[in-house]
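S.K.: Data: coords-v1.cif, mmCIF, N, CA and C atoms.
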data_model
loop_
_atom_site.label_atom_id
_atom_site.label_comp_id
_atom_site.auth_asym_id
_atom_site.auth_seq_id
_atom_site.Cartn_x
_atom_site.Cartn_y
_atom_site.Cartn_z
N MET C 1 -55.65 -10.71 -56.84
CA MET C 1 -54.92 -9.93 -55.88
C MET C 1 -53.99 -8.95 -56.59
N SER C 2 -53.27 -9.43 -57.60
CA SER C 2 -52.34 -8.56 -58.30
C SER C 2 -53.10 -7.50 -59.12
N ARG C 3 -54.31 -7.83 -59.59
CA ARG C 3 -55.10 -6.83 -60.31
C ARG C 3 -55.51 -5.70 -59.38
N THR C 4 -55.85 -6.03 -58.14
CA THR C 4 -56.24 -5.01 -57.16
C THR C 4 -55.08 -4.10 -56.85
N ILE C 5 -53.90 -4.68 -56.66
CA ILE C 5 -52.72 -3.88 -56.36
C ILE C 5 -52.36 -2.99 -57.55
N SER C 6 -52.40 -3.55 -58.75
CA SER C 6 -52.03 -2.76 -59.92
C SER C 6 -53.04 -1.63 -60.16
N ARG C 7 -54.33 -1.89 -59.91
CA ARG C 7 -55.32 -0.81 -60.06
C ARG C 7 -55.12 0.27 -59.01
N THR C 8 -54.79 -0.14 -57.80
CA THR C 8 -54.56 0.84 -56.73
C THR C 8 -53.36 1.71 -57.05
N LEU C 9 -52.27 1.09 -57.50
CA LEU C 9 -51.08 1.86 -57.82
C LEU C 9 -51.30 2.74 -59.05
N ALA C 10 -52.09 2.28 -60.00
CA ALA C 10 -52.35 3.07 -61.20
C ALA C 10 -53.23 4.27 -60.87
N ALA C 11 -54.13 4.13 -59.90
CA ALA C 11 -55.04 5.21 -59.55
C ALA C 11 -54.37 6.26 -58.67
N CYS C 12 -53.25 5.92 -58.06
CA CYS C 12 -52.58 6.84 -57.14
C CYS C 12 -51.69 7.79 -57.91
N ASP C 13 -51.58 8.99 -57.39
CA ASP C 13 -50.62 9.91 -57.98
C ASP C 13 -49.23 9.56 -57.44
N GLY C 14 -48.22 10.24 -57.92
CA GLY C 14 -46.84 9.91 -57.55
C GLY C 14 -46.56 10.03 -56.07
N THR C 15 -47.10 11.05 -55.45
CA THR C 15 -46.85 11.26 -54.03
C THR C 15 -47.39 10.12 -53.19
N THR C 16 -48.58 9.67 -53.47
CA THR C 16 -49.18 8.58 -52.71
C THR C 16 -48.40 7.29 -52.91
N ALA C 17 -47.96 7.02 -54.12
CA ALA C 17 -47.17 5.82 -54.38
C ALA C 17 -45.86 5.85 -53.61
N ILE C 18 -45.24 7.01 -53.53
CA ILE C 18 -44.00 7.14 -52.76
C ILE C 18 -44.27 6.91 -51.28
N GLU C 19 -45.38 7.43 -50.78
CA GLU C 19 -45.73 7.22 -49.38
C GLU C 19 -45.96 5.75 -49.09
N TYR C 20 -46.66 5.05 -49.98
CA TYR C 20 -46.86 3.61 -49.80
C TYR C 20 -45.53 2.87 -49.80
N GLY C 21 -44.64 3.28 -50.67
CA GLY C 21 -43.31 2.66 -50.72
C GLY C 21 -42.53 2.88 -49.44
N MET C 22 -42.62 4.09 -48.89
CA MET C 22 -41.91 4.38 -47.64
C MET C 22 -42.49 3.58 -46.49
N ILE C 23 -43.80 3.46 -46.44
CA ILE C 23 -44.44 2.67 -45.38
C ILE C 23 -44.02 1.20 -45.50
N ALA C 24 -44.02 0.67 -46.70
CA ALA C 24 -43.62 -0.72 -46.90
C ALA C 24 -42.15 -0.92 -46.50
N GLY C 25 -41.31 0.05 -46.81
CA GLY C 25 -39.90 -0.03 -46.42
C GLY C 25 -39.71 -0.02 -44.91
N LEU C 26 -40.44 0.86 -44.23
CA LEU C 26 -40.33 0.92 -42.77
C LEU C 26 -40.84 -0.36 -42.11
N ILE C 27 -41.93 -0.90 -42.63
CA ILE C 27 -42.45 -2.14 -42.09
C ILE C 27 -41.44 -3.28 -42.29
N SER C 28 -40.83 -3.34 -43.47
CA SER C 28 -39.85 -4.41 -43.72
C SER C 28 -38.63 -4.26 -42.83
N ILE C 29 -38.18 -3.04 -42.56
CA ILE C 29 -37.05 -2.82 -41.66
C ILE C 29 -37.41 -3.28 -40.24
N ALA C 30 -38.62 -2.97 -39.80
CA ALA C 30 -39.06 -3.39 -38.47
C ALA C 30 -39.13 -4.91 -38.37
N ILE C 31 -39.60 -5.56 -39.42
CA ILE C 31 -39.68 -7.03 -39.42
C ILE C 31 -38.28 -7.64 -39.35
N VAL C 32 -37.36 -7.13 -40.14
CA VAL C 32 -35.99 -7.66 -40.14
C VAL C 32 -35.34 -7.45 -38.78
N ALA C 33 -35.53 -6.28 -38.18
CA ALA C 33 -34.95 -6.01 -36.86
C ALA C 33 -35.54 -6.94 -35.81
N GLY C 34 -36.84 -7.16 -35.86
CA GLY C 34 -37.47 -8.05 -34.90
C GLY C 34 -37.01 -9.49 -35.04
N ILE C 35 -36.92 -9.96 -36.26
CA ILE C 35 -36.47 -11.33 -36.50
C ILE C 35 -35.02 -11.50 -36.07
N THR C 36 -34.20 -10.50 -36.31
CA THR C 36 -32.80 -10.56 -35.89
C THR C 36 -32.70 -10.65 -34.38
N ALA C 37 -33.46 -9.83 -33.67
CA ALA C 37 -33.42 -9.85 -32.21
C ALA C 37 -33.91 -11.19 -31.67
N ILE C 38 -34.98 -11.70 -32.22
CA ILE C 38 -35.51 -12.99 -31.77
C ILE C 38 -34.51 -14.11 -32.09
N GLY C 39 -33.91 -14.05 -33.26
CA GLY C 39 -32.94 -15.08 -33.64
C GLY C 39 -31.73 -15.09 -32.73
N THR C 40 -31.25 -13.91 -32.34
CA THR C 40 -30.10 -13.82 -31.43
C THR C 40 -30.46 -14.40 -30.07
N THR C 41 -31.64 -14.09 -29.58
CA THR C 41 -32.07 -14.61 -28.28
C THR C 41 -32.23 -16.13 -28.31
N ILE C 42 -32.86 -16.63 -29.36
CA ILE C 42 -33.05 -18.08 -29.47
C ILE C 42 -31.70 -18.78 -29.60
N SER C 43 -30.81 -18.22 -30.38
CA SER C 43 -29.48 -18.80 -30.55
C SER C 43 -28.74 -18.87 -29.22
N ALA C 44 -28.80 -17.81 -28.44
CA ALA C 44 -28.13 -17.80 -27.14
C ALA C 44 -28.77 -18.81 -26.19
N ASP C 45 -30.07 -18.94 -26.22
CA ASP C 45 -30.77 -19.87 -25.33
C ASP C 45 -30.45 -21.33 -25.67
N PHE C 46 -30.38 -21.66 -26.95
CA PHE C 46 -30.16 -23.05 -27.34
C PHE C 46 -28.68 -23.43 -27.40
N PHE C 47 -27.86 -22.55 -27.94
CA PHE C 47 -26.46 -22.91 -28.13
C PHE C 47 -25.56 -22.45 -27.00
N GLY C 48 -26.04 -21.58 -26.12
CA GLY C 48 -25.24 -21.14 -24.99
C GLY C 48 -24.84 -22.29 -24.08
N PRO C 49 -25.78 -23.14 -23.68
CA PRO C 49 -25.40 -24.28 -22.84
C PRO C 49 -24.46 -25.26 -23.55
N ILE C 50 -24.61 -25.42 -24.83
CA ILE C 50 -23.74 -26.34 -25.58
C ILE C 50 -22.32 -25.79 -25.61
N ILE C 51 -22.19 -24.50 -25.86
CA ILE C 51 -20.86 -23.89 -25.91
C ILE C 51 -20.24 -23.89 -24.51
N GLY C 52 -21.08 -23.65 -23.49
CA GLY C 52 -20.58 -23.66 -22.12
C GLY C 52 -20.12 -25.03 -21.66
N ALA C 53 -20.67 -26.08 -22.23
CA ALA C 53 -20.30 -27.43 -21.83
C ALA C 53 -18.96 -27.87 -22.43
N LEU C 54 -18.52 -27.18 -23.46
CA LEU C 54 -17.26 -27.57 -24.11
C LEU C 54 -16.15 -27.08 -23.30
#
Re-express the file's structure as structure tokens.

M.R.:
Amino acid sequence: MSRTISRTLAACDGTTAIEYGMIAGLISIAIVAGITAIGTTISADFFGPIIGAL
């Protein structure tokens, strides 16, 4: 797997490598935002009743 990635990056010119990096960055930002939103919702659903009972 790492050989395939290294060959792909070696075959790409600088512009293409930068584009791949930007795409990977945007995907990672979307994943973090989604996980944060889901985590906040789950936290409110599970711990909201507990906090309300105190």

S.K.: Between atom N of Ala17 of chain C and atom CA of Thr4 of chain C, what is the distance, to one decimal in Å?

M.R.: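 A separation of 14.9 Å between them.
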
S.K.: Distance atom CA of Gly21 of chain C-atom C of Thr36 of chain C, one decimal place?

M.R.: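 Result for atom CA of Gly21 of chain C versus atom C of Thr36 of chain C: 23.6 Å, one decimal.
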
S.K.: Work out how far apart atom C of Ile35 of chain C and atom C of Ile18 of chain C are and give it in Å to one decimal.

M.R.: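 Separating atom C of Ile35 of chain C from atom C of Ile18 of chain C is a distance of 25.6 Å.
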